[in-house]
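Have a look at target_18.cif below; it lists mmCIF, C-alpha atoms.
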data_input
loop_
_atom_site.label_atom_id
_atom_site.label_comp_id
_atom_site.auth_asym_id
_atom_site.auth_seq_id
_atom_site.Cartn_x
_atom_site.Cartn_y
_atom_site.Cartn_z
CA MET A 621 -44.69 -42.26 -4.79
CA SER A 622 -45.63 -44.56 -1.98
CA SER A 623 -48.86 -45.59 -3.74
CA ILE A 624 -47.04 -46.24 -7.03
CA SER A 625 -44.35 -48.29 -5.36
CA ARG A 626 -47.00 -50.29 -3.51
CA THR A 627 -48.78 -51.03 -6.82
CA HIS A 628 -45.57 -52.13 -8.51
CA ARG A 629 -44.84 -54.33 -5.54
CA LYS A 630 -48.22 -56.09 -5.91
CA ILE A 631 -47.65 -56.61 -9.65
CA TRP A 632 -44.17 -57.98 -9.00
CA LEU A 633 -45.47 -60.41 -6.39
CA PHE A 634 -48.28 -61.50 -8.72
CA TRP A 635 -46.02 -62.39 -11.66
CA THR A 636 -43.36 -64.03 -9.49
CA THR A 637 -45.90 -66.53 -8.11
CA PRO A 638 -44.80 -70.10 -9.08
CA ALA A 639 -48.19 -70.89 -10.66
CA ILE A 640 -47.89 -67.86 -12.97
CA ARG A 641 -44.21 -68.38 -13.66
CA ASP A 642 -44.78 -71.98 -14.77
CA GLY A 643 -47.60 -71.01 -17.11
CA GLY A 644 -50.43 -72.01 -14.77
CA LEU A 645 -53.46 -70.11 -13.50
CA VAL A 646 -54.17 -68.71 -10.07
CA ARG A 647 -57.60 -69.64 -8.77
CA MET A 648 -59.20 -67.22 -6.33
CA TYR A 649 -61.25 -68.83 -3.56
CA SER A 650 -63.97 -67.18 -1.54
CA GLY A 651 -63.43 -66.56 2.11
CA HIS A 652 -66.69 -68.36 2.94
CA PRO A 653 -66.49 -72.14 2.39
CA ARG A 654 -69.31 -73.81 0.49
CA LYS A 655 -71.78 -75.99 2.28
CA LYS A 656 -71.20 -79.74 2.02
CA ALA A 657 -73.71 -81.84 0.13
CA ASP A 658 -76.21 -83.67 2.30
CA LEU A 659 -75.75 -87.34 1.36
CA LYS A 660 -78.90 -88.34 3.21
CA LYS A 661 -80.98 -86.30 0.78
CA LEU A 662 -79.01 -87.46 -2.27
CA ARG A 663 -79.13 -91.18 -1.39
CA PRO A 664 -82.75 -91.79 -2.57
CA MET A 665 -81.98 -90.08 -5.87
CA ILE A 666 -78.85 -92.16 -6.40
CA VAL A 667 -80.64 -95.42 -5.59
CA GLU A 668 -83.51 -94.54 -7.93
CA ARG A 669 -81.08 -93.76 -10.75
CA ILE A 670 -79.31 -97.10 -10.27
CA LYS A 671 -82.65 -98.93 -10.48
CA ASN A 672 -83.68 -97.06 -13.63
CA ARG A 673 -80.43 -97.74 -15.53
CA ALA A 674 -81.77 -101.15 -16.59
CA LYS A 675 -84.38 -99.36 -18.73
CA ASP A 676 -81.63 -98.30 -21.16
CA TYR A 677 -80.72 -101.94 -21.91
CA PRO A 678 -80.77 -103.78 -24.19
CA ILE A 679 -79.80 -101.25 -26.82
CA LYS A 680 -82.05 -101.78 -29.83
CA ALA A 681 -79.35 -100.86 -32.36
CA MET A 682 -77.07 -103.61 -31.00
CA ILE A 683 -79.59 -106.45 -31.18
CA PRO A 684 -78.86 -107.26 -34.88
CA VAL A 685 -75.14 -107.28 -34.09
CA ALA A 686 -75.66 -109.80 -31.28
CA GLU A 687 -77.80 -112.03 -33.48
CA ASP A 688 -75.17 -111.97 -36.25
CA VAL A 689 -72.51 -113.00 -33.73
CA LEU A 690 -74.58 -115.99 -32.62
CA LYS A 691 -75.16 -117.07 -36.22
CA ALA A 692 -71.47 -116.67 -37.08
CA ARG A 693 -70.49 -118.62 -33.96
CA VAL A 694 -72.57 -121.60 -35.10
CA LEU A 695 -70.99 -121.47 -38.58
CA LEU A 696 -67.53 -121.16 -37.03
CA ILE A 697 -67.95 -124.26 -34.87
CA GLN A 698 -69.46 -126.18 -37.75
CA GLY A 699 -66.69 -125.17 -40.16
CA VAL A 700 -63.83 -125.96 -37.77
CA SER A 701 -65.37 -129.32 -36.88
CA THR A 702 -65.63 -130.16 -40.59
CA LEU A 703 -62.07 -129.10 -41.41
CA LEU A 704 -60.68 -131.19 -38.56
CA ASN A 705 -61.58 -134.28 -40.59
CA PHE A 706 -59.18 -133.25 -43.38
CA VAL A 707 -56.45 -131.09 -41.80
CA PRO A 708 -54.36 -132.75 -39.05
CA VAL A 709 -54.18 -130.83 -35.77
CA TRP A 710 -51.74 -131.67 -32.98
CA THR A 711 -51.63 -130.58 -29.36
CA CYS A 712 -48.94 -131.13 -26.75
CA LYS A 713 -49.60 -133.64 -24.00
CA PHE A 714 -48.04 -131.47 -21.29
CA CYS A 715 -48.71 -127.86 -22.38
CA PRO A 716 -51.35 -125.92 -24.39
CA GLU A 717 -49.15 -125.71 -27.51
CA VAL A 718 -51.05 -126.45 -30.77
CA TYR A 719 -49.67 -127.09 -34.23
CA ILE A 720 -51.48 -127.58 -37.54
CA GLY A 721 -49.68 -129.74 -40.08
CA GLU A 722 -48.80 -133.26 -41.10
CA GLU A 723 -46.68 -133.76 -37.99
CA GLY A 724 -45.64 -131.72 -34.98
CA HIS A 725 -42.70 -129.31 -35.07
CA LEU A 726 -39.35 -129.72 -33.28
CA ILE A 727 -39.27 -126.27 -31.68
CA LYS A 728 -38.35 -126.51 -28.01
CA THR A 729 -41.09 -124.48 -26.33
CA CYS A 730 -42.58 -127.06 -23.97
CA GLY A 731 -42.50 -126.38 -20.25
CA GLY A 732 -43.09 -129.99 -19.31
CA TYR A 733 -45.49 -131.39 -16.78
CA ARG A 734 -46.45 -128.63 -14.31
CA HIS A 735 -43.67 -126.48 -15.82
CA ARG A 736 -40.95 -128.47 -14.06
CA ALA A 737 -38.78 -128.37 -17.19
CA LYS A 738 -38.11 -125.70 -19.79
CA ASN A 739 -37.26 -125.64 -23.49
CA GLN A 740 -38.15 -129.26 -24.12
CA HIS A 741 -39.56 -131.05 -27.17
CA HIS A 742 -43.31 -131.45 -27.31
CA GLU A 743 -45.07 -134.78 -27.09
CA TRP A 744 -47.80 -134.52 -29.71
CA VAL A 745 -51.28 -136.05 -29.57
CA LYS A 746 -54.36 -135.56 -31.74
CA GLY A 747 -56.08 -132.22 -31.30
CA SER A 748 -59.79 -131.40 -31.03
CA LEU A 749 -62.20 -128.49 -31.43
CA ASN A 750 -61.32 -126.94 -28.07
CA ASP A 751 -57.69 -126.69 -29.15
CA ILE A 752 -58.65 -124.45 -32.08
CA ILE A 753 -61.50 -122.50 -30.46
CA VAL A 754 -60.53 -122.05 -26.83
CA PRO A 755 -63.69 -122.18 -24.65
CA VAL A 756 -64.20 -119.25 -22.27
CA LYS A 757 -66.92 -119.77 -19.64
CA THR A 758 -68.75 -117.26 -17.50
CA PHE A 759 -71.74 -117.09 -15.17
CA HIS A 760 -75.16 -116.83 -16.80
CA LEU A 761 -77.00 -113.93 -15.18
CA LYS A 762 -80.77 -113.82 -14.89
CA ASN A 763 -80.67 -110.03 -14.98
CA MET A 764 -77.86 -107.78 -16.16
CA PHE A 765 -78.13 -105.50 -13.10
CA GLN A 766 -78.77 -108.17 -10.49
CA ASN A 767 -76.93 -108.34 -7.19
CA VAL A 768 -73.27 -109.31 -7.19
CA ILE A 769 -72.73 -113.08 -7.07
CA GLU A 770 -71.24 -114.07 -3.72
CA HIS A 771 -68.84 -116.93 -3.19
CA GLN A 772 -71.46 -119.19 -1.60
CA GLU A 773 -73.81 -118.54 -4.54
CA ARG A 774 -71.43 -119.70 -7.29
CA PHE A 775 -73.22 -123.05 -7.73
CA ASP A 776 -76.62 -121.38 -8.16
CA PHE A 777 -75.71 -120.02 -11.60
CA ASP A 778 -74.97 -121.91 -14.81
CA ARG A 779 -71.67 -121.55 -16.65
CA VAL A 780 -72.06 -120.69 -20.32
CA SER A 781 -69.90 -119.38 -23.13
CA ALA A 782 -68.82 -115.77 -22.60
CA VAL A 783 -69.71 -114.83 -26.19
CA VAL A 784 -73.20 -116.30 -25.83
CA GLU A 785 -73.74 -114.54 -22.50
CA LEU A 786 -72.69 -111.24 -24.04
CA CYS A 787 -75.15 -111.72 -26.91
CA LEU A 788 -77.95 -112.68 -24.51
CA GLN A 789 -77.47 -109.51 -22.49
CA ALA A 790 -77.41 -107.57 -25.76
CA GLY A 791 -80.93 -108.80 -26.55
CA ALA A 792 -80.27 -111.66 -28.97
CA PHE A 793 -82.93 -114.37 -29.24
CA LEU A 794 -81.76 -117.98 -29.20
CA TYR A 795 -83.89 -119.52 -31.92
CA ASP A 796 -81.48 -122.32 -32.86
CA GLU A 797 -82.17 -125.63 -31.11
CA ARG A 798 -78.46 -126.43 -31.12
CA LEU A 799 -77.82 -123.33 -29.00
CA TYR A 800 -80.69 -123.68 -26.56
CA SER A 801 -81.97 -126.49 -24.42
CA ARG A 802 -83.91 -126.96 -21.22
CA HIS A 803 -80.71 -127.10 -19.20
CA LEU A 804 -79.14 -123.97 -20.71
CA ASN A 805 -76.49 -125.96 -22.55
CA PHE A 806 -75.39 -123.13 -24.84
CA ASP A 807 -72.24 -124.89 -26.05
CA THR A 808 -72.74 -126.68 -29.32
CA ASP A 809 -72.09 -130.39 -29.26
CA VAL A 810 -69.11 -131.31 -31.38
CA ASN A 811 -70.67 -134.60 -32.47
CA SER A 812 -73.60 -132.74 -34.05
CA PHE A 813 -71.23 -131.18 -36.60
CA VAL A 814 -69.57 -134.15 -38.21
CA GLY A 815 -68.58 -133.23 -41.74
CA ASP A 816 -68.64 -135.40 -44.80
CA ALA A 817 -65.87 -138.00 -44.71
CA TYR A 818 -65.35 -137.56 -48.45
CA MET A 819 -65.03 -133.97 -49.62
CA CYS A 820 -63.18 -132.66 -52.65
CA GLU A 821 -60.60 -129.89 -52.43
CA GLU A 822 -62.98 -127.32 -53.89
CA ASP A 823 -65.55 -128.05 -51.18
CA GLN A 824 -62.86 -127.86 -48.51
CA ARG A 825 -61.79 -124.49 -49.87
CA PHE A 826 -65.40 -123.29 -49.77
CA VAL A 827 -65.82 -124.40 -46.15
CA ALA A 828 -62.50 -122.77 -45.21
CA ARG A 829 -63.53 -119.42 -46.71
CA GLY A 830 -66.87 -119.52 -44.88
CA THR A 831 -65.19 -120.47 -41.61
CA LEU A 832 -62.67 -117.66 -41.90
CA SER A 833 -65.45 -115.18 -42.67
CA ALA A 834 -67.41 -116.40 -39.62
CA TRP A 835 -64.29 -115.96 -37.46
CA GLU A 836 -63.90 -112.35 -38.54
CA THR A 837 -67.62 -111.72 -37.99
CA VAL A 838 -67.44 -113.03 -34.43
CA LYS A 839 -64.36 -110.96 -33.65
CA SER A 840 -65.74 -107.71 -35.09
CA GLY A 841 -69.18 -108.26 -33.55
CA VAL A 842 -67.78 -108.90 -30.07
CA GLN A 843 -65.66 -105.77 -30.38
CA LYS A 844 -68.78 -103.70 -31.11
CA LEU A 845 -70.71 -105.26 -28.24
CA LEU A 846 -67.90 -104.56 -25.78
CA LEU A 847 -68.23 -100.84 -26.53
CA ALA A 848 -71.82 -100.88 -25.28
CA TYR A 849 -71.94 -103.61 -22.62
CA PRO A 850 -69.58 -103.79 -19.62
CA THR A 851 -67.42 -106.91 -19.42
CA LYS A 852 -64.69 -107.70 -16.91
CA VAL A 853 -61.66 -109.99 -16.95
CA CYS A 854 -59.32 -110.92 -14.12
CA GLU A 855 -55.82 -109.46 -14.22
CA HIS A 856 -54.20 -112.70 -13.06
CA CYS A 857 -56.28 -115.46 -14.68
CA SER A 858 -58.61 -115.99 -17.63
CA GLU A 859 -61.88 -115.60 -15.70
CA VAL A 860 -64.43 -113.44 -17.55
CA HIS A 861 -67.59 -111.87 -16.20
CA VAL A 862 -70.20 -110.20 -18.40
CA GLY A 863 -71.86 -107.47 -16.37
CA PRO A 864 -71.31 -104.06 -14.78
CA SER A 865 -69.31 -105.53 -11.87
CA GLY A 866 -67.40 -108.76 -11.37
CA HIS A 867 -68.52 -111.57 -9.11
CA ARG A 868 -67.03 -112.32 -5.68
CA ALA A 869 -66.37 -116.02 -6.12
CA ARG A 870 -62.93 -116.81 -4.74
CA LEU A 871 -61.65 -118.81 -7.70
CA CYS A 872 -58.53 -116.92 -8.74
CA GLY A 873 -55.35 -118.99 -8.78
CA VAL A 874 -52.93 -116.10 -8.31
CA PHE A 875 -52.37 -117.16 -4.69
CA LYS A 876 -50.71 -120.42 -5.67
CA TYR A 877 -48.78 -120.72 -2.42
CA GLN A 878 -51.90 -120.58 -0.26
CA ARG A 879 -54.35 -123.35 0.55
CA TRP A 880 -57.34 -121.32 -0.62
CA ARG A 881 -58.02 -119.31 -3.72
CA GLY A 882 -58.54 -115.57 -3.61
CA THR A 883 -60.91 -113.08 -5.18
CA HIS A 884 -60.40 -111.82 -8.69
CA PHE A 885 -58.88 -108.46 -9.63
CA TRP A 886 -61.18 -107.17 -12.35
CA LYS A 887 -60.36 -104.91 -15.27
CA LYS A 888 -62.02 -104.08 -18.59
CA ALA A 889 -62.11 -107.02 -20.98
CA GLU A 890 -60.89 -106.96 -24.57
CA VAL A 891 -61.87 -109.03 -27.60
CA ASP A 892 -59.04 -111.53 -27.12
CA ASP A 893 -60.27 -112.24 -23.59
CA LEU A 894 -63.62 -113.52 -24.88
CA VAL A 895 -62.36 -114.94 -28.20
CA PRO A 896 -58.75 -116.07 -27.61
CA PRO A 897 -56.81 -116.21 -30.91
CA ASN A 898 -54.59 -119.12 -29.71
CA ILE A 899 -51.45 -118.14 -31.65
CA VAL A 900 -49.59 -121.10 -33.25
CA TRP A 901 -46.48 -121.54 -35.37
CA PHE A 902 -47.25 -121.08 -39.06
CA ARG A 903 -45.42 -123.05 -41.71
CA ARG A 904 -44.89 -121.04 -44.90
CA PRO A 905 -44.29 -122.53 -48.39
CA GLN A 906 -40.58 -121.62 -48.19
CA ASP A 907 -40.14 -123.40 -44.84
CA PRO A 908 -38.99 -127.03 -44.54
CA PRO A 909 -41.62 -129.73 -43.96
CA LEU A 910 -40.46 -130.05 -40.35
CA LEU A 911 -39.89 -126.84 -38.39
CA LEU A 912 -36.55 -126.90 -36.56
CA ASN A 913 -35.62 -125.21 -33.32
CA THR A 914 -32.44 -123.65 -34.74
CA CYS A 915 -34.40 -121.59 -37.29
CA ARG A 916 -37.31 -120.53 -35.11
CA GLU A 917 -36.65 -116.81 -35.65
CA PHE A 918 -37.49 -117.21 -39.35
CA TYR A 919 -40.93 -118.79 -38.83
CA GLY A 920 -44.19 -116.89 -38.54
CA HIS A 921 -47.25 -117.13 -36.34
CA ALA A 922 -50.99 -117.09 -36.93
CA PRO A 923 -54.24 -117.63 -34.99
CA ALA A 924 -55.19 -121.29 -34.94
CA VAL A 925 -58.45 -120.72 -36.85
CA VAL A 926 -56.66 -118.71 -39.56
CA ASP A 927 -53.92 -121.32 -39.91
CA LEU A 928 -56.50 -124.11 -40.18
CA CYS A 929 -58.44 -122.29 -42.89
CA VAL A 930 -55.27 -121.39 -44.83
CA LYS A 931 -54.16 -125.03 -44.74
CA ALA A 932 -57.57 -125.92 -46.21
CA GLY A 933 -57.18 -123.48 -49.11
CA ALA A 934 -58.50 -120.12 -47.89
CA ILE A 935 -56.68 -116.83 -48.54
CA PRO A 936 -55.51 -115.19 -45.30
CA PRO A 937 -56.65 -111.60 -44.60
CA SER A 938 -54.03 -108.94 -45.18
CA LYS A 939 -53.88 -107.94 -41.50
CA TYR A 940 -52.34 -111.32 -40.63
CA LEU A 941 -49.60 -111.29 -43.30
CA CYS A 942 -47.11 -109.44 -41.11
CA MET A 943 -47.58 -111.92 -38.29
CA MET A 944 -47.35 -114.87 -40.65
CA LYS A 945 -44.16 -113.52 -42.34
CA MET A 946 -45.46 -114.60 -45.73
CA GLN A 947 -42.80 -112.61 -47.60
CA GLY A 948 -40.07 -113.28 -45.06
CA LEU A 949 -36.75 -114.97 -45.69
CA ALA A 950 -36.47 -118.72 -45.65
CA ALA A 951 -34.28 -120.50 -43.12
CA PRO A 952 -30.68 -121.04 -44.28
CA LEU A 953 -29.89 -124.46 -45.68
CA SER A 954 -26.71 -124.68 -43.61
CA ALA A 955 -28.65 -124.86 -40.36
CA PRO A 956 -27.47 -127.80 -38.22
CA ALA A 957 -29.76 -130.75 -37.99
CA VAL A 958 -31.65 -131.44 -34.80
CA VAL A 959 -31.54 -134.91 -33.34
CA VAL A 960 -34.67 -135.96 -31.49
CA ASP A 961 -34.16 -138.20 -28.51
#
As structure tokens - that is how I would like this structure written.
Amino acid sequence: MSSISRTHRKIWLFWTTPAIRDGGLVRMYSGHPRKKADLKKLRPMIVERIKNRAKDYPIKAMIPVAEDVLKARVLLIQGVSTLLNFVPVWTCKFCPEVYIGEEGHLIKTCGGYRHRAKNQHHEWVKGSLNDIIVPVKTFHLKNMFQNVIEHQERFDFDRVSAVVELCLQAGAFLYDERLYSRHLNFDTDVNSFVGDAYMCEEDQRFVARGTLSAWETVKSGVQKLLLAYPTKVCEHCSEVHVGPSGHRARLCGVFKYQRWRGTHFWKKAEVDDLVPPNIVWFRRPQDPPLLLNTCREFYGHAPAVVDLCVKAGAIPPSKYLCMMKMQGLAAPLSAPAVVVD
């Protein structure tokens, strides 16, 4: 009886253990601890593996994708520069707000000079290519797995477009003279893409369709490249670094109350970090010619490139229709008028 009661006692203790009661598992450990790994012996193997990781790059299957992105980027810049001669683009003098239309809207979203004021009317001036395609710069690396760039070495490396740097590390060959020069000026000159001053509506529609297609090609291509090549972005600013680890240049403006700038806080970059969509207010056919502040909840939004191409006659992709509110209600006619000072 004593042996049976002792057995039942062990079973009762086993099933009343919290790990078993909560549905977990009990792991049995050996009474002799395992020997710790000798890091001195493993260090040469780790260093050798880090040196050999460069042999896996560039990935041959991703080289055509990188080359297609470079070609589409040239067509995108050329198409936007051409459409700017026929579609008016406005940008605010005191904030990065952009609007595409005959005249600027009256929506109070301006923060004023150095954000000293809020909910003010914009002061519109003529826009340019950089207002539609926001430039994102990064350091041009000589080798993908080179040493981390220190703060005192920041002037030893050229600053190029982040998309171009990503394509270069992916193995793309810069064969276009407009994308390559002796001084590594990878950014295309705007003046080299001056469109025809006289272009019919059919030609404008053709250019708009090609520009919109190039925009989608760049976005989809960059998304594929980001799955294979590491790219970092700062959590507090728009700094982008293409490489396995971010640089150590103290250029982050998060410490705005200090006299010096701090180091960046890196995280994994997304497509919008390298190719910012630059969302703008979109005027639909059912909207009034001048967008008012009182009816702002009825208006839609769209990326600046998409809005520019749609204004030139292109058909927007279906994935942007929800953002643009194409089938949304029009603003009520009884909305009070807005008086501009």
So that each row is one residue of region 837-904 of chain A with an atom at most 10 Å from region 718-733 of chain A, can you give its shortest atom pair and the distance in Å to one decimal, using all atoms listed in the file, rows by chain and rising number, as a Markdown table?
| residue | atom | partner | partner_atom | distance |
| --- | --- | --- | --- | --- |
| A:Asn898 | CA | A:Val718 | CA | 8.2 |
| A:Ile899 | CA | A:Val718 | CA | 8.4 |
| A:Val900 | CA | A:Tyr719 | CA | 6.1 |
| A:Trp901 | CA | A:Tyr719 | CA | 6.5 |
| A:Phe902 | CA | A:Ile720 | CA | 7.9 |
| A:Arg903 | CA | A:Gly721 | CA | 8.1 |
query: When distances are computed from only C-alpha atoms, which of A:Val689, A:Leu911, A:Leu894, A:Leu788 shows the smallest separation from Val754 (chain A)?
result: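 Among the listed residues, A:Leu894 lies closest to Val754 (chain A).
The two atoms in question, CA of Val667 (chain A) and CA of Gly863 (chain A), are spaced 18.4 Å apart.
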message: One decimal, in Å: what's the spacing between CA of His861 (chain A) and CA of Leu847 (chain A)?
response: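 About the pair CA of His861 (chain A) and CA of Leu847 (chain A): they are 15.1 Å apart.
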task: Check which residues satisfy the PyMOL selection byres ((chain A and resi 837-840) around 8) in the file shown, then give them as a list of chain:residue names.
output: A:Asp688, A:Val689, A:Leu690, A:Ala692, A:Arg693, A:Ser833, A:Ala834, A:Trp835, A:Glu836, A:Gly841, A:Val842, A:Gln843, A:Lys844, A:Val891, A:Val895
message: When you look at region 671-685 of chain A with a cut-off of 6 Å (counting all atoms listed in the file), what residues show up, excluding the ones that are within fewer than 5 positions of it in the same chain? I need them as a PyMOL selection string.
response: chain A and resi 790-792
- prompt: Any idea what the distance is between CA of Ala922 (chain A) and CA of Tyr940 (chain A)?
  reply: 7.0 Å
- prompt: Using all atoms listed in the file, which residue out of A:Arg870, A:Asp927, A:Pro905, A:Pro952 lies closest to Glu770 (chain A)?
  reply: A:Arg870
query: Could you spell out the hits of the PyMOL selection byres ((chain A and resi 829) around 9) on the shown file, as an NGL selection string?
result: :A and (824-828 or 830-834 or 929-930 or 932-935)
Shell of 12 Å around Gly866 (chain A), only C-alpha atoms, local chain residues under 6 positions omitted, as a list of chain:residue names: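 With the cut-off at 12 Å, the set is A:Thr758, A:Phe759, A:Leu761, A:Met764, A:Phe765, A:Gln766, A:Asn767, A:Val768, A:Ile769, A:Glu770, A:His771, A:Pro850, A:Thr851, A:Lys852, A:Val853, A:Cys854, A:Glu855, A:Glu859, A:Val860, A:Thr883, A:His884, A:Phe885, A:Trp886, A:Lys887, A:Lys888, A:Ala889.
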query: With distances taken over only C-alpha atoms, which of A:Cys857, A:Val700, A:Leu695, A:Ala951 is nearest to Pro908 (chain A)?
result: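 When distances to Pro908 (chain A) are compared using only C-alpha atoms, the smallest one comes from A:Ala951.
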field: Within-6 Å shell of (-66.9, -116.2, -8.3) in input frame, only C-alpha atoms, as a ChimeraX atom specification
entry: /A:771,774,867-871
